[in-house]
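One structure is given below, encoded as structure tokens.
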Amino acid sequence: MIGELGHFALALGCILALAQSVLPLVGAHRADARLMALAAPLAVAQLIAIAAAFAALLWAFAVNDTTVSNVVLNSHSAKPLLYKFSGAWGNHEGSMVLWVLTLALCGGAVAAFGRDLPSALQARVLGVLGLIAAGFLGFIIFTSNPFERVWPPPMDGQGLNPLLQDLGLALHPPMLYLGYVGYAVTFAFAVAALLEGRVDAAWGRWVRPWSLAAWSFLTLGIALGSWWAYYELGWGGYWFWDPVENASLLPWLIGAALLHCAIVVEKRESLKIWTVLLAILAFAMSLLGTFLVRSGVLNSVHAFANDPARGVFILGLLMAYVAGALALFAWRAPRLGGTGIFAPISREGALVLNNLLLCSITAVVLVGTLWPMFADILFGAKISVGAPFFNAATAPLAIPLVAAMAVGPLLAWKRADLAGALQRLWWVGLLAVAAAFLTLLIAGYHVWPALGFAAAAWLIAGAAADILDRIAAFRRPSQAWNRARGLPRAAWGGAIAHAGTGVMFAGLAGMGLATDALVELKPGQSTRLAGYEWRLESIRDVQGPNWTSRRATITVLADGQVVTVLTPEKRFFPVARMHTTEAAIHTNTLRDLYAVLGDERDGGGVVRLHHNPLAPWIWFGAGIMALGGGLSLSDRRIRVSAPSRKAAPAPA
Amino acid sequence: MSDTASPKRPRRWMLYAPLGIAAAAGVGFYAMLQGLQDGSYDPRGVPSALLGRPAPDFSLPPLEGFDLPTLTAADLRGPLPGPVLVNFWASWCAPCIIEHPQLMRLAREGVAVYGINYKDRVAEAGAFLRRHGNPYSRLGRDEPGRTAIDWGVYGVPETYLLDRQGMIRWRWAGPITTDTLENELRPLLRRFA
Amino acid sequence: MTRWIFFCLLLALPAWGAVGDPNERLADPAKEALAREIGRELRCLVCQNQSIEDSDAQLARDLRRLVRERVAAGEDSSAVIRFVHERYGDFVLLRPPVTAATMLLWATPFLALGGGIAVILLRRRRAVAEAAALSPEEARRLAELDRGTA
């Protein structure tokens, strides 16, 4: 019964979404205020319908309703409640419902907080969002019904893949979807702008918070996924350049370009056409990821079950939205001509460079991800494109990007003095060079880690230099504190996000200096790695809620003092008949001690031990980047919505 | 990229470029999805690097306690009396049991089926053949799996077809089902007979 | 498709899980480092998108051992990679060789950067010289934006 109600709620949501798309768009075209006024209530109604459907799905998982095929395939009664819930979106059908729920939430937010938007713009944005929702709801209803019944019901479910029974991975999809779907809103704004034939500062001011929010969530989502790979896959790796990972990186890169040039639109009314194009492309990349993961055209460990019929449906949606928007773009963009003129050396010029490099990196990742498929279909060639290619092809583009990241914020708008900006960065450059030399001196000849630490110093100190410059700390130190308090949050946010990138680079560089050992130990024996003594104490059986495990106890000592006790495990999940390795990690934020248990023989066991300097900084850095985005988002200028000065809460 | 030249209209062709690229990609994706359905596009199926080349050099010990001649590269050098199948298998490999009846049928029909036993124990390999029957007229034992690497084997079962000149013409990764036998292998056997 | 479901279920399952064999490593740290560098260039064929250094599938283990044997015998990285490439084809190389089929792939960074620069130059040919410093009017507007009173 609950399942049928959920299915009905999805169908109702689809009809409401269709109404939400057609009526306001027609209304905006005819300047019919009554039709336009329907947009917001319809968006809220659609949100309620989809929330009900999602609640029904959660209910089916919570009570382990084995008449629902999705529950049978992805859940089991002997599973902690949290993972019953996360099992609801750990599969194709459920994750699609979460996707449309997130979209409906964004639509609801535009409806609730967008009262200060010009009514035609709000109607068009909600109309486009409704169109997207209707397409994906149709997709769920026609090809991926999450409430499909099975009869007779089996005794119990088949369980969720044990690798996915994990807190990091339970949160990973919702974060990613908030990011992907956030770009649906900027896409809707872009399409609305093209329909209106107008992009102004107010538009830029509305697009910026959405692109910031989407980008921040995407940053967190990608970081969670990478963290999961680090601790769960047991190889100490955190990024594999897998096509599915790349699919999440693509909208992130375009989104980073978008949030920078939205600043130019807002402040200088320039780069309008380009910003609209980026807003379309960011969502196009999100949809591309959805298509790649769910259609079966990819060759990836992460991909969902393959179904070409679903693939054709998603491809149809992808082409309808993206090609439709790009056709509209080609037709209407000439009306959006900008006004601001600027010299090549200026803040605008630096942001153009930022966009050029970010988009070139995007192109490399995009082509690298898709080329094996296209080489196959075009030339019949079976090739692989992996980490060595991506590292070689993106690094030369990332280096100038990092170099420009510290300089750009110090340049004035319209026409700037590059020599002056570089002069103010002299100590930052000195720090970067010192970091590189120090790395070479201490760690030996490791070029990439040395460059990584130089980048980290350059970015972190560069962000500090930016803030110090803005508050005139050196010129008028007496007023620095007052100026710091008066500095807009967007300025702090930008500097913090740039510094976060630096922190991440430090983590990447530290991981470049990681060492490991693969040894066979008997209880009582020990080995040395990275100045620590690692002693295997015992290997014992342990019983968990839905698994049994072999757990090793390893004491790590430094100078005879116990640093920590690590307990790596090999778990066996009887329902899935699958083994997982649980790495044991001890961090003091400056380094991770990481141990994995392998085969056991003659009372002893094989253990792989890693010493990962600064490893957590990779994810701290991502967190700081997202924090910077959030801080920018909370800027008073954004909260005070654009055209009128009436106070309105943040639209996210 | 930047809209600075206010009196000048943006170049129209530039504005159409993104649409063109997206459309081309869409056509490509559609071709892939069609190929997925009719089997012409398989993101995982990779052809052998040895197609059109003779078998690599190798010599293997026989399976002890099983009275079969062993297999060496010399047995696969042309001219051969007919096409030859070389099958990599192991007793611990479940799909090998699925394909075994097809190999037995081919052997009964007189097709030369040679076997390479991959990473297996002598006793278990022998027991497997006694229980399921022996289709192999020659059998080598590749316990370290090194010969398999020379052939470019991914895993067992994997089967290669050599023509009368001793050139490798076909490789099948995974079990030979009745479907594979009738639709893929038989036409090839006729062609290279 | 079905044969691949079989293949993945039954053959390629232990892609994660185990940790490797201590005996497979080379005693000489320089040679072990070289072997790893080579291993990161080679795809673990059965586990998709991981290098043989990142996987514990049987084939990855065998290839790791093979790479180390050849490194220990004094071969350089191009010789070892050629050896594996001859047996498994282009698919095993994570850094695709430059061929007619991968020309566009390798040209992407140059095309993207060059194309971007060309577009910028085409769009900017005029109007650059006119860009002076911010006019007082523009400066006032920016200041207002920063104060949130625009």
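Letters A, B, ... go to the chains of the structure tokens in the order shown; residues in each chain start at 1; ligands are counted from 1 in the same order.
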Each chain A residue no farther than 8 Å from chain B, nearest pair in Å, only C-alpha atoms, as a tab-separated table:
```
residue	atom	partner	partner_atom	distance
A:Ser270	CA	B:Asp3	CA	6.2
A:Leu271	CA	B:Ser2	CA	4.8
A:Lys272	CA	B:Asp3	CA	7.0
A:Ile273	CA	B:Asp3	CA	7.1
A:Trp274	CA	B:Met1	CA	5.8
A:Ser295	CA	B:Leu33	CA	7.8
A:Val297	CA	B:Pro43	CA	6.4
A:Leu298	CA	B:Pro43	CA	6.3
A:Asn299	CA	B:Pro43	CA	5.6
A:Pro308	CA	B:Leu33	CA	5.7
A:Gly311	CA	B:Leu33	CA	6.8
A:Val312	CA	B:Leu33	CA	6.8
A:Leu315	CA	B:Gly26	CA	7.3
A:Met319	CA	B:Gly26	CA	6.7
A:Val322	CA	B:Ala22	CA	7.6
A:Ala323	CA	B:Leu19	CA	6.0
A:Leu326	CA	B:Leu19	CA	5.2
A:Ala327	CA	B:Leu19	CA	6.1
A:Phe329	CA	B:Leu15	CA	7.2
A:Ala330	CA	B:Leu15	CA	4.8
A:Ala333	CA	B:Leu15	CA	7.5
A:Pro334	CA	B:Pro10	CA	6.1
A:Gly337	CA	B:Asp3	CA	6.0
A:Gly338	CA	B:Asp3	CA	5.1
A:Thr339	CA	B:Ser6	CA	6.3
A:Gly340	CA	B:Thr4	CA	6.3
A:Ile341	CA	B:Thr4	CA	5.2
A:Phe342	CA	B:Thr4	CA	7.4
A:Val352	CA	B:Ser2	CA	7.7
A:Met373	CA	B:Pro43	CA	7.1
A:Phe374	CA	B:Gly28	CA	7.1
A:Asp376	CA	B:Tyr41	CA	7.8
A:Ile377	CA	B:Met32	CA	6.8
A:Lys382	CA	B:Val46	CA	6.4
```
**OP:** Select from range 8-101 of chain B everything DSSP, run on the backbone, classes as helix (DSSP H, G or I), then give the selection as a PyMOL selection string.
**Re:** chain B and resi 12-38+73-76+94-101
Subject >> Closest of C:Arg68, C:Arg61, C:Arg36, C:Arg95 to chain A - atom-to-atom distances counting only C-alpha atoms >> reply: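 Looking only at the distances to chain A, the closest residue turns out to be C:Arg95.
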Subject >> Length of the CA of Pro388 in chain A to CA of Leu176 in chain A vector [Å] >> reply: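 Separation between CA of Pro388 in chain A and CA of Leu176 in chain A: 26.1 Å.
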Original post:
Near Met167 in chain B, within 10 Å and counting only C-alpha atoms, which residues show up once chain neighbours fewer than 4 positions away are dropped, as a list in words?
Top reply: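 What passes the distance filter is Leu50, Leu51, Gly52, Arg53, Pro54, Ala55, Leu76, Arg77, Gly78, Pro79, Pro83, Val84, Leu161, Leu162 and Asp163 of chain B.
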Subject >> Near-Met1 in chain A list (10 Å; only C-alpha atoms; drop same-chain fewer than 5 positions) as a PyMOL selection string >> reply: chain A and resi 6-7+56
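Minimum atom-to-atom distance to chain A, evaluated using only C-alpha atoms, belongs to C:Phe91 out of C:Thr102, C:Pro136, C:Ile120, C:Phe91.
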